[in-house]
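entry_14.tsv, holding TSV, C-alpha atoms:
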chain	number	residue	atom	x	y	z
A	1123	THR	CA	177.85	-56.60	186.73
A	1124	SER	CA	175.65	-53.63	185.95
A	1125	VAL	CA	176.02	-49.85	185.92
A	1126	THR	CA	173.18	-47.35	186.27
A	1127	VAL	CA	173.42	-44.07	184.36
A	1128	ASP	CA	171.67	-41.00	185.78
A	1129	GLY	CA	172.72	-38.26	183.38
A	1130	THR	CA	175.16	-38.74	180.48
A	1131	LEU	CA	177.86	-41.39	180.16
A	1132	ALA	CA	180.35	-40.76	177.34
A	1133	LEU	CA	183.18	-43.22	176.72
A	1134	ASN	CA	185.85	-43.75	174.08
A	1135	GLY	CA	186.80	-47.34	173.37
A	1136	THR	CA	190.10	-48.75	172.15
A	1137	GLY	CA	189.13	-52.37	171.67
A	1138	GLY	CA	188.29	-53.57	175.20
A	1139	ASN	CA	185.14	-53.34	177.30
A	1140	PHE	CA	183.54	-49.92	177.64
A	1141	VAL	CA	182.34	-50.67	181.18
A	1142	TYR	CA	183.46	-53.45	183.55
A	1143	ALA	CA	183.88	-54.25	187.22
A	1144	GLU	CA	187.35	-53.75	188.65
A	1145	ASN	CA	187.68	-57.43	189.60
A	1146	THR	CA	186.30	-58.74	186.26
A	1147	PRO	CA	187.86	-56.64	183.49
A	1148	ASP	CA	187.18	-59.30	180.87
A	1149	ALA	CA	183.40	-59.21	181.41
A	1150	PRO	CA	181.52	-56.24	179.90
A	1151	ALA	CA	179.01	-54.68	182.26
A	1152	GLU	CA	175.35	-54.14	181.54
A	1153	VAL	CA	174.29	-50.50	181.40
A	1154	SER	CA	170.92	-49.37	182.77
A	1155	VAL	CA	169.79	-45.85	181.87
A	1156	LYS	CA	167.44	-43.74	183.99
A	1157	ASP	CA	164.83	-41.41	182.48
A	1158	ASN	CA	166.39	-38.72	180.25
A	1159	GLY	CA	169.78	-40.36	180.62
A	1160	ALA	CA	172.16	-40.87	177.69
A	1161	VAL	CA	175.00	-43.20	176.75
A	1162	ASN	CA	177.47	-42.15	174.05
A	1163	LEU	CA	180.00	-44.81	173.03
A	1164	THR	CA	182.71	-43.98	170.49
A	1165	GLY	CA	185.34	-46.25	168.97
A	1166	ASN	CA	185.96	-49.99	169.22
A	1167	GLY	CA	184.60	-51.77	172.26
A	1168	THR	CA	182.08	-54.05	173.90
A	1169	VAL	CA	179.23	-53.47	176.32
A	1170	GLY	CA	176.91	-55.96	178.00
A	1171	SER	CA	173.49	-54.43	177.27
A	1172	LEU	CA	171.79	-51.04	177.09
A	1173	THR	CA	168.37	-50.91	178.73
A	1174	ASN	CA	165.94	-48.61	180.50
A	1175	ALA	CA	166.22	-48.45	184.26
A	1176	GLY	CA	163.04	-49.54	185.98
A	1177	GLY	CA	161.43	-50.60	182.73
A	1178	THR	CA	160.47	-47.08	181.62
A	1179	ALA	CA	161.80	-45.37	178.51
A	1180	THR	CA	161.26	-41.65	179.03
A	1181	GLY	CA	163.95	-39.79	177.09
A	1182	THR	CA	166.59	-42.52	177.37
A	1183	SER	CA	169.06	-42.61	174.50
A	1184	ALA	CA	172.25	-44.09	173.12
A	1185	ILE	CA	174.60	-42.96	170.36
A	1186	LEU	CA	176.90	-45.74	169.20
A	1187	THR	CA	179.68	-44.65	166.83
A	1188	ALA	CA	182.39	-47.20	166.14
A	1189	GLY	CA	183.95	-45.14	163.37
A	1190	GLN	CA	184.75	-45.95	159.76
A	1191	GLY	CA	185.83	-49.59	159.44
A	1192	ALA	CA	185.48	-50.23	163.19
A	1193	THR	CA	183.03	-52.34	165.20
A	1194	GLN	CA	181.19	-52.12	168.49
A	1195	THR	CA	179.56	-55.14	170.15
A	1196	VAL	CA	176.54	-55.22	172.43
A	1197	GLN	CA	176.48	-58.63	174.10
A	1198	GLY	CA	172.91	-58.25	175.35
A	1199	GLU	CA	169.87	-56.33	174.17
A	1200	ILE	CA	169.22	-52.68	173.42
A	1201	LYS	CA	165.98	-51.30	174.86
A	1202	LEU	CA	165.89	-47.50	174.97
A	1203	ASP	CA	163.65	-44.65	173.83
A	1204	LYS	CA	166.06	-43.42	171.15
A	1205	VAL	CA	169.00	-45.19	169.47
A	1206	THR	CA	171.42	-43.73	166.93
A	1207	ILE	CA	173.96	-45.86	165.08
A	1208	GLY	CA	176.77	-43.67	163.78
A	1209	THR	CA	179.48	-44.58	161.28
A	1210	GLY	CA	180.99	-48.02	161.51
A	1211	THR	CA	179.29	-51.26	162.56
A	1212	VAL	CA	177.34	-52.26	165.65
A	1213	ASN	CA	176.67	-55.96	166.28
A	1214	VAL	CA	174.01	-56.79	168.85
A	1215	ALA	CA	173.62	-60.27	170.32
A	1216	LYS	CA	169.94	-59.96	171.23
A	1217	ASN	CA	166.88	-57.85	170.40
A	1218	VAL	CA	166.75	-54.12	169.69
A	1219	SER	CA	163.61	-52.23	170.74
A	1220	THR	CA	163.23	-48.45	170.47
A	1221	ASN	CA	160.79	-45.71	169.61
A	1222	THR	CA	163.25	-43.88	167.36
A	1223	LEU	CA	166.07	-45.61	165.46
A	1224	THR	CA	168.47	-43.57	163.33
A	1225	LEU	CA	170.93	-45.50	161.22
A	1226	ASP	CA	173.95	-43.83	159.62
A	1227	GLY	CA	176.20	-46.89	159.79
A	1228	ASN	CA	175.63	-50.65	159.95
A	1229	LEU	CA	173.48	-52.52	162.46
A	1230	SER	CA	173.19	-56.30	162.72
A	1231	ASN	CA	171.63	-58.72	165.19
A	1232	ALA	CA	170.70	-61.61	162.90
A	1233	VAL	CA	171.34	-65.16	164.08
A	1234	ASP	CA	171.51	-68.39	162.10
A	1235	THR	CA	168.18	-69.95	162.99
A	1236	SER	CA	169.16	-73.24	161.34
A	1237	VAL	CA	171.47	-73.89	164.28
A	1238	ALA	CA	169.79	-76.05	166.92
A	1239	GLY	CA	168.65	-74.07	169.95
A	1240	SER	CA	168.98	-70.68	168.28
A	1241	THR	CA	166.21	-68.08	168.58
A	1242	ALA	CA	165.52	-65.41	165.97
A	1243	ASN	CA	166.33	-61.84	166.94
A	1244	SER	CA	164.22	-58.80	166.20
A	1245	ILE	CA	164.60	-55.07	165.66
A	1246	THR	CA	161.47	-53.11	166.58
A	1247	ALA	CA	161.25	-49.37	165.90
A	1248	THR	CA	158.24	-47.07	165.95
A	1249	THR	CA	160.18	-44.83	163.55
A	1250	LEU	CA	163.27	-45.86	161.57
A	1251	THR	CA	165.36	-43.37	159.62
A	1252	GLN	CA	168.08	-45.12	157.65
A	1253	ASN	CA	170.47	-42.65	156.06
A	1254	GLY	CA	172.68	-45.29	154.52
A	1255	GLY	CA	174.56	-48.38	155.63
A	1256	THR	CA	173.09	-51.82	156.16
A	1257	LEU	CA	170.58	-53.32	158.55
A	1258	VAL	CA	170.54	-57.10	158.99
A	1259	THR	CA	168.11	-58.88	161.30
A	1260	ASN	CA	165.78	-61.85	161.51
A	1261	ASN	CA	162.60	-59.87	162.16
A	1262	LEU	CA	162.12	-56.15	161.51
A	1263	THR	CA	158.97	-54.49	162.86
A	1264	LEU	CA	158.14	-50.87	161.99
A	1265	GLY	CA	155.47	-48.33	162.89
A	1266	ALA	CA	153.20	-47.46	165.76
A	1267	SER	CA	151.09	-50.25	167.19
A	1268	GLY	CA	147.56	-48.98	167.72
A	1269	GLY	CA	148.65	-45.35	167.92
A	1270	THR	CA	149.18	-42.37	165.65
A	1271	SER	CA	150.84	-43.40	162.40
A	1272	THR	CA	154.56	-42.86	161.88
A	1273	THR	CA	156.84	-42.61	158.85
A	1274	SER	CA	160.02	-44.65	158.34
A	1275	GLU	CA	162.59	-44.10	155.61
A	1276	LEU	CA	164.79	-46.91	154.32
A	1277	LYS	CA	167.73	-45.45	152.39
A	1278	GLY	CA	170.29	-48.23	152.41
A	1279	VAL	CA	170.36	-52.01	152.37
A	1280	VAL	CA	167.93	-53.94	154.57
A	1281	THR	CA	168.01	-57.72	154.82
A	1282	ALA	CA	165.59	-59.66	157.03
A	1283	ASP	CA	163.76	-62.94	157.29
A	1284	SER	CA	160.55	-61.00	157.86
A	1285	ILE	CA	159.49	-57.35	157.79
A	1286	THR	CA	156.22	-56.28	159.43
A	1287	ILE	CA	154.44	-52.92	159.38
A	1288	GLN	CA	152.31	-52.65	162.50
A	1289	GLN	CA	148.65	-51.70	162.58
A	1290	ALA	CA	148.17	-48.04	163.52
A	1291	SER	CA	144.97	-46.80	165.14
A	1292	SER	CA	143.43	-45.92	161.78
A	1293	THR	CA	142.71	-48.64	159.21
A	1294	ALA	CA	141.51	-46.17	156.55
A	1295	ALA	CA	143.39	-46.23	153.26
A	1296	GLY	CA	146.52	-44.11	153.45
A	1297	GLN	CA	146.11	-43.32	157.16
A	1298	GLY	CA	148.32	-46.03	158.62
A	1299	ASN	CA	152.05	-46.30	159.14
A	1300	VAL	CA	154.20	-45.24	156.17
A	1301	VAL	CA	157.41	-46.81	154.88
A	1302	HIS	CA	159.49	-45.13	152.14
A	1303	ILE	CA	162.00	-47.28	150.24
A	1304	ILE	CA	164.07	-44.64	148.46
A	1305	ASN	CA	167.58	-43.35	147.60
A	1306	ASP	CA	168.54	-46.46	145.61
A	1307	SER	CA	167.78	-48.67	148.59
A	1308	LEU	CA	167.42	-52.44	148.44
A	1309	VAL	CA	165.02	-54.03	150.90
A	1310	ALA	CA	164.98	-57.83	150.82
A	1311	ALA	CA	162.98	-60.22	152.99
A	1312	ASP	CA	161.55	-63.70	152.88
A	1313	LYS	CA	158.20	-62.25	153.97
A	1314	PHE	CA	156.85	-58.69	154.01
A	1315	THR	CA	153.59	-58.13	155.91
A	1316	ALA	CA	151.79	-54.78	155.95
A	1317	ALA	CA	148.65	-53.66	157.78
A	1318	SER	CA	145.34	-52.13	156.75
A	1319	GLY	CA	145.72	-48.44	155.90
A	1320	SER	CA	149.51	-48.54	155.77
A	1321	VAL	CA	151.47	-47.10	152.85
A	1322	ILE	CA	154.59	-48.47	151.15
A	1323	ASN	CA	156.35	-46.17	148.67
A	1324	VAL	CA	159.08	-47.67	146.50
A	1325	GLY	CA	160.93	-44.80	144.84
A	1326	THR	CA	159.62	-41.25	144.66
A	1327	ASP	CA	158.91	-38.90	141.76
A	1328	GLY	CA	160.12	-35.82	143.64
A	1329	ASP	CA	156.70	-34.23	144.05
A	1330	GLY	CA	156.70	-34.78	147.82
A	1331	ASP	CA	158.25	-32.74	150.61
A	1332	SER	CA	161.83	-33.67	149.74
A	1333	GLY	CA	161.52	-32.51	146.13
A	1334	THR	CA	164.05	-35.16	145.11
A	1335	SER	CA	163.31	-38.18	142.96
A	1336	SER	CA	164.95	-41.50	143.73
A	1337	THR	CA	164.51	-45.17	143.05
A	1338	GLY	CA	164.37	-48.29	145.20
A	1339	THR	CA	163.77	-52.02	145.22
A	1340	LEU	CA	161.53	-54.16	147.41
A	1341	ASP	CA	162.48	-57.79	146.80
A	1342	VAL	CA	160.44	-60.32	148.80
A	1343	GLY	CA	159.57	-63.97	148.79
A	1344	SER	CA	156.04	-63.31	150.03
A	1345	LEU	CA	154.03	-60.06	150.04
A	1346	VAL	CA	150.97	-59.74	152.28
A	1347	LEU	CA	149.44	-56.24	152.06
A	1348	ASN	CA	146.40	-56.80	154.31
A	1349	GLY	CA	144.70	-53.76	152.75
A	1350	ALA	CA	147.79	-51.56	152.48
A	1351	THR	CA	148.60	-49.34	149.49
A	1352	LEU	CA	151.79	-49.93	147.51
A	1353	THR	CA	153.03	-47.16	145.19
A	1354	ILE	CA	156.05	-47.47	142.89
A	1355	ASP	CA	157.05	-44.25	141.12
A	1356	PRO	CA	160.47	-42.65	140.45
A	1357	ILE	CA	161.20	-40.51	137.37
A	1358	TYR	CA	162.78	-41.67	134.12
A	1359	GLY	CA	166.55	-41.53	133.80
A	1360	LEU	CA	167.14	-43.42	137.05
A	1361	ASP	CA	167.35	-47.17	137.49
A	1362	TYR	CA	163.81	-48.48	137.40
A	1363	ALA	CA	162.04	-48.99	140.73
A	1364	ALA	CA	160.51	-52.38	141.40
A	1365	THR	CA	158.59	-54.50	143.81
A	1366	ILE	CA	159.60	-58.08	143.06
A	1367	VAL	CA	157.45	-60.79	144.56
A	1368	ASN	CA	157.85	-64.54	144.35
A	1369	ASN	CA	154.43	-65.12	145.93
A	1370	LEU	CA	151.58	-62.92	147.06
A	1371	SER	CA	149.40	-63.77	150.06
A	1372	GLN	CA	147.27	-66.90	150.34
A	1373	ASN	CA	146.76	-68.60	146.95
A	1374	ASN	CA	148.93	-65.90	145.36
A	1375	THR	CA	146.29	-63.23	146.03
A	1376	LEU	CA	146.96	-59.49	145.89
A	1377	ASP	CA	145.18	-58.20	149.01
A	1378	GLY	CA	145.85	-54.48	148.68
A	1379	SER	CA	145.95	-51.61	146.20
A	1380	VAL	CA	148.94	-51.10	143.89
A	1381	ASN	CA	149.83	-47.92	141.97
A	1382	ILE	CA	152.55	-48.41	139.33
A	1383	GLY	CA	153.82	-45.08	138.02
A	1384	GLN	CA	156.57	-44.09	135.62
A	1385	ASN	CA	159.78	-46.14	135.41
A	1386	SER	CA	158.20	-48.71	137.72
A	1387	ILE	CA	157.48	-52.42	137.84
A	1388	LEU	CA	155.46	-54.83	139.91
A	1389	ALA	CA	156.86	-58.27	139.04
A	1390	VAL	CA	154.99	-61.33	140.31
A	1391	GLY	CA	156.56	-64.79	140.19
A	1392	PHE	CA	160.22	-63.71	140.07
A	1393	GLU	CA	162.95	-64.81	142.47
A	1394	ASP	CA	164.93	-61.57	142.60
A	1395	ARG	CA	166.04	-58.46	140.72
A	1396	ALA	CA	168.72	-60.37	138.83
A	1397	GLU	CA	166.07	-62.62	137.27
A	1398	LEU	CA	163.90	-59.60	136.47
A	1399	ASP	CA	166.86	-57.74	134.91
A	1400	GLN	CA	167.50	-60.72	132.64
A	1401	PHE	CA	163.84	-60.83	131.60
A	1402	LEU	CA	163.79	-57.11	130.81
A	1403	SER	CA	167.02	-57.34	128.83
A	1404	GLU	CA	165.84	-60.33	126.80
A	1405	ASN	CA	162.62	-58.52	125.93
A	1406	LYS	CA	164.37	-55.20	125.17
A	1407	LEU	CA	162.41	-53.27	127.78
A	1408	LEU	CA	165.39	-51.54	129.41
A	1409	GLY	CA	167.15	-48.39	128.26
A	1410	ALA	CA	170.92	-47.99	128.33
A	1411	ASN	CA	170.87	-46.21	131.70
A	1412	GLY	CA	168.82	-48.88	133.52
A	1413	SER	CA	165.63	-46.89	133.15
A	1414	LEU	CA	162.51	-48.18	131.46
A	1415	GLN	CA	161.57	-46.65	128.14
A	1416	ALA	CA	158.66	-44.21	128.23
A	1417	GLN	CA	156.69	-46.25	125.69
A	1418	TYR	CA	156.36	-49.02	128.26
A	1419	GLY	CA	157.41	-47.21	131.40
A	1420	SER	CA	154.88	-48.69	133.80
A	1421	LEU	CA	154.76	-52.48	133.91
A	1422	LEU	CA	152.89	-55.25	135.64
A	1423	ILE	CA	154.82	-58.43	134.79
A	1424	VAL	CA	153.01	-61.64	135.65
A	1425	ASN	CA	155.11	-64.80	135.74
A	1426	ASP	CA	152.75	-66.80	137.94
A	1427	THR	CA	148.97	-67.08	138.11
A	1428	MET	CA	147.61	-64.42	140.46
A	1429	THR	CA	144.29	-63.34	141.96
A	1430	ILE	CA	143.21	-59.82	142.94
A	1431	ALA	CA	141.14	-59.81	146.13
A	1432	ASP	CA	137.75	-58.12	146.30
A	1433	ASN	CA	137.81	-54.32	146.79
A	1434	TYR	CA	141.40	-53.94	145.55
A	1435	GLY	CA	142.98	-53.16	142.22
A	1436	VAL	CA	146.03	-52.15	140.21
A	1437	ALA	CA	146.60	-48.92	138.28
A	1438	LEU	CA	149.40	-48.36	135.76
A	1439	ASP	CA	150.48	-45.06	134.20
A	1440	GLY	CA	153.78	-44.30	132.50
A	1441	THR	CA	153.28	-40.52	132.75
A	1442	LYS	CA	152.24	-39.84	136.34
A	1443	THR	CA	151.33	-41.42	139.66
A	1444	PRO	CA	148.04	-43.32	139.22
A	1445	THR	CA	145.42	-44.30	141.78
A	1446	ALA	CA	144.01	-47.81	141.78
A	1447	ALA	CA	140.26	-48.31	141.48
A	1448	THR	CA	138.53	-51.13	143.30
A	1449	ASP	CA	138.03	-54.44	141.47
A	1450	ALA	CA	139.86	-53.18	138.38
A	1451	ILE	CA	143.14	-53.10	136.55
A	1452	THR	CA	143.54	-49.71	134.90
A	1453	VAL	CA	146.15	-49.36	132.15
A	1454	ASN	CA	146.90	-45.78	131.10
A	1455	SER	CA	149.35	-44.16	128.68
A	1456	GLY	CA	152.87	-45.60	128.60
A	1457	ALA	CA	151.86	-48.69	130.55
A	1458	ALA	CA	151.52	-52.39	129.82
A	1459	ILE	CA	150.75	-55.76	131.35
A	1460	VAL	CA	153.27	-58.44	130.39
A	1461	VAL	CA	152.16	-62.04	130.87
A	1462	THR	CA	154.47	-65.03	130.46
A	1463	GLU	CA	153.63	-68.65	129.68
A	1464	ASP	CA	154.48	-69.55	133.27
A	1465	ALA	CA	151.55	-67.41	134.41
A	1466	PHE	CA	149.34	-70.03	132.73
A	1467	GLY	CA	151.28	-72.93	134.20
A	1468	GLY	CA	153.33	-73.45	131.04
A	1469	ARG	CA	152.25	-75.57	128.08
A	1470	ASP	CA	151.10	-79.18	127.77
A	1471	GLY	CA	152.45	-81.81	125.40
A	1472	ASN	CA	150.38	-80.40	122.56
A	1473	GLY	CA	151.77	-76.92	123.01
A	1474	GLU	CA	148.55	-75.60	124.55
A	1475	LEU	CA	148.58	-73.37	127.60
A	1476	ASN	CA	147.79	-75.32	130.75
A	1477	GLY	CA	145.77	-72.60	132.47
A	1478	SER	CA	142.80	-70.55	131.34
A	1479	TYR	CA	143.85	-67.27	132.98
A	1480	ALA	CA	146.91	-65.45	134.31
A	1481	ILE	CA	145.08	-62.81	136.41
A	1482	LYS	CA	141.75	-63.39	138.09
A	1483	PHE	CA	139.52	-61.27	140.28
A	1484	GLU	CA	138.39	-63.02	143.44
A	1485	ASN	CA	134.91	-64.56	143.26
A	1486	SER	CA	134.83	-63.94	139.51
A	1487	ASP	CA	134.19	-66.67	136.96
A	1488	ASN	CA	136.12	-64.80	134.26

As structure tokens, how would this structure be written, given the file I've shared?
Amino acid sequence: TSVTVDGTLALNGTGGNFVYAENTPDAPAEVSVKDNGAVNLTGNGTVGSLTNAGGTATGTSAILTAGQGATQTVQGEIKLDKVTIGTGTVNVAKNVSTNTLTLDGNLSNAVDTSVAGSTANSITATTLTQNGGTLVTNNLTLGASGGTSTTSELKGVVTADSITIQQASSTAAGQGNVVHIINDSLVAADKFTAASGSVINVGTDGDGDSGTSSTGTLDVGSLVLNGATLTIDPIYGLDYAATIVNNLSQNNTLDGSVNIGQNSILAVGFEDRAELDQFLSENKLLGANGSLQAQYGSLLIVNDTMTIADNYGVALDGTKTPTAATDAITVNSGAAIVVTEDAFGGRDGNGELNGSYAIKFENSDN
């Protein structure tokens, strides 16, 4: 059963199906939205799917607001021009695809891919504005594909198997799609893949348009920058901001530029923030308020042998936002590189380090 919306459909749910055929009240109907049409669903309830009529997506929209502590269920997919998730939780059985996704509540469409016959779900948004809440999915894809770059803001908790920033039309440094991880957000994924020219900001020092400083955490199993620029830089007095990486791209290679500013860490070879917190505590690098100390306020912590690809570099500065130079690691005031024994592969039976280097530049003998 399907319903076509030409205009605005607004419904309040009380726990049953929002839309259904008279002879099948237990089966939620699919909703197809014509150009410039809108669907507003409030309260508990279930709907079959929310898609564009005729395959177009001109001005179609949906606002889904379950309410505090309540849940809405979409048994199919969501494919509309604009989607807003209000307070409460929305669970979607299949994929979500939209140009503009605004998230004030919780959105989930993840499936257990270890179950035989299951297929991973995805959320694809040209622009995502997360104002809080949680987003849980198998595959999250952000940014314009081949078009003018867009900016997404992650200001809550995001959990995914993979997160991908799409390639915008420009591949020049800083001209691609932008993702801000701010407002104490935690973004965790098994794999994070960026694109050439894209920008990832973890935390902000308050010098931008918002004028407000905040922190954030990017915690990933694998980080592939593909020529993107990663900047980590809140102010002191907040919890430190960090990008925590178990592995970099192929052969643990950093294939982009990284700027590590004040109260910021790039940690390579760590499982998660809990392991990094323990390391910082044991080495007395944390202040009482969870902020780094200004003496060593910008840190590159290497816990596994890493390589820096040609034409990329890392800059550290504990006093301001630095800019990485190519084929260089630049350490400025209030910054330090911390290297563990594990970065050399540990020690042999004689107590000697197994490896000859912890950080290497690609195609360099030193």

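When all atoms listed in the file are used to measure the gap to Lys1216 (chain A), the shortest distance among A:Gly1298, A:Gly1325, A:Gly1170, A:Gly1349 belongs to A:Gly1170.
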
>> Give me, as number ranges by chain, all polymer residues having an atom no more than 12 Å from Ile1285 (chain A), counting only C-alpha atoms and skipping those fewer than 2 positions away in the same chain.
In response: A: 1244-1247, 1257-1265, 1280-1283, 1287-1288, 1301, 1309-1317, 1340-1347

> Any idea what's packed within 8 Å of Ala1447 (chain A), counting all atoms listed in the file, ignoring anything in its chain fewer than 5 positions away? Could you give it as a ChimeraX atom specification?
Replying inline: /A:1434-1437,1452

> Using all atoms listed in the file, which of the listed residues (A:Gln1415, A:Ser1420, A:Ser1307, A:Asn1368) sits closest to Thr1353 (chain A)?
Replying inline: A:Ser1420

>> Could you list, as a list in words, every residue within 6 Å of region 1383-1392 of chain A, counting all atoms listed in the file and ignoring same-chain residues fewer than 6 positions away?
In response: Ile1354, Asp1355, Tyr1358, Tyr1362, Ala1363, Ala1364, Thr1365, Ile1366, Val1367, Asn1368, Leu1414, Gly1419, Ser1420, Leu1421, Leu1422, Ile1423, Val1424, Asn1425, Asp1426, Leu1438, Asp1439, Gly1440, Thr1441, Lys1442 and Thr1443 of chain A

>> With distances taken over all atoms listed in the file, which residue among A:Lys1277, A:Gly1378, A:Thr1429, A:Ile1357 lies nearest Gly1319 (chain A)?
In response: A:Gly1378
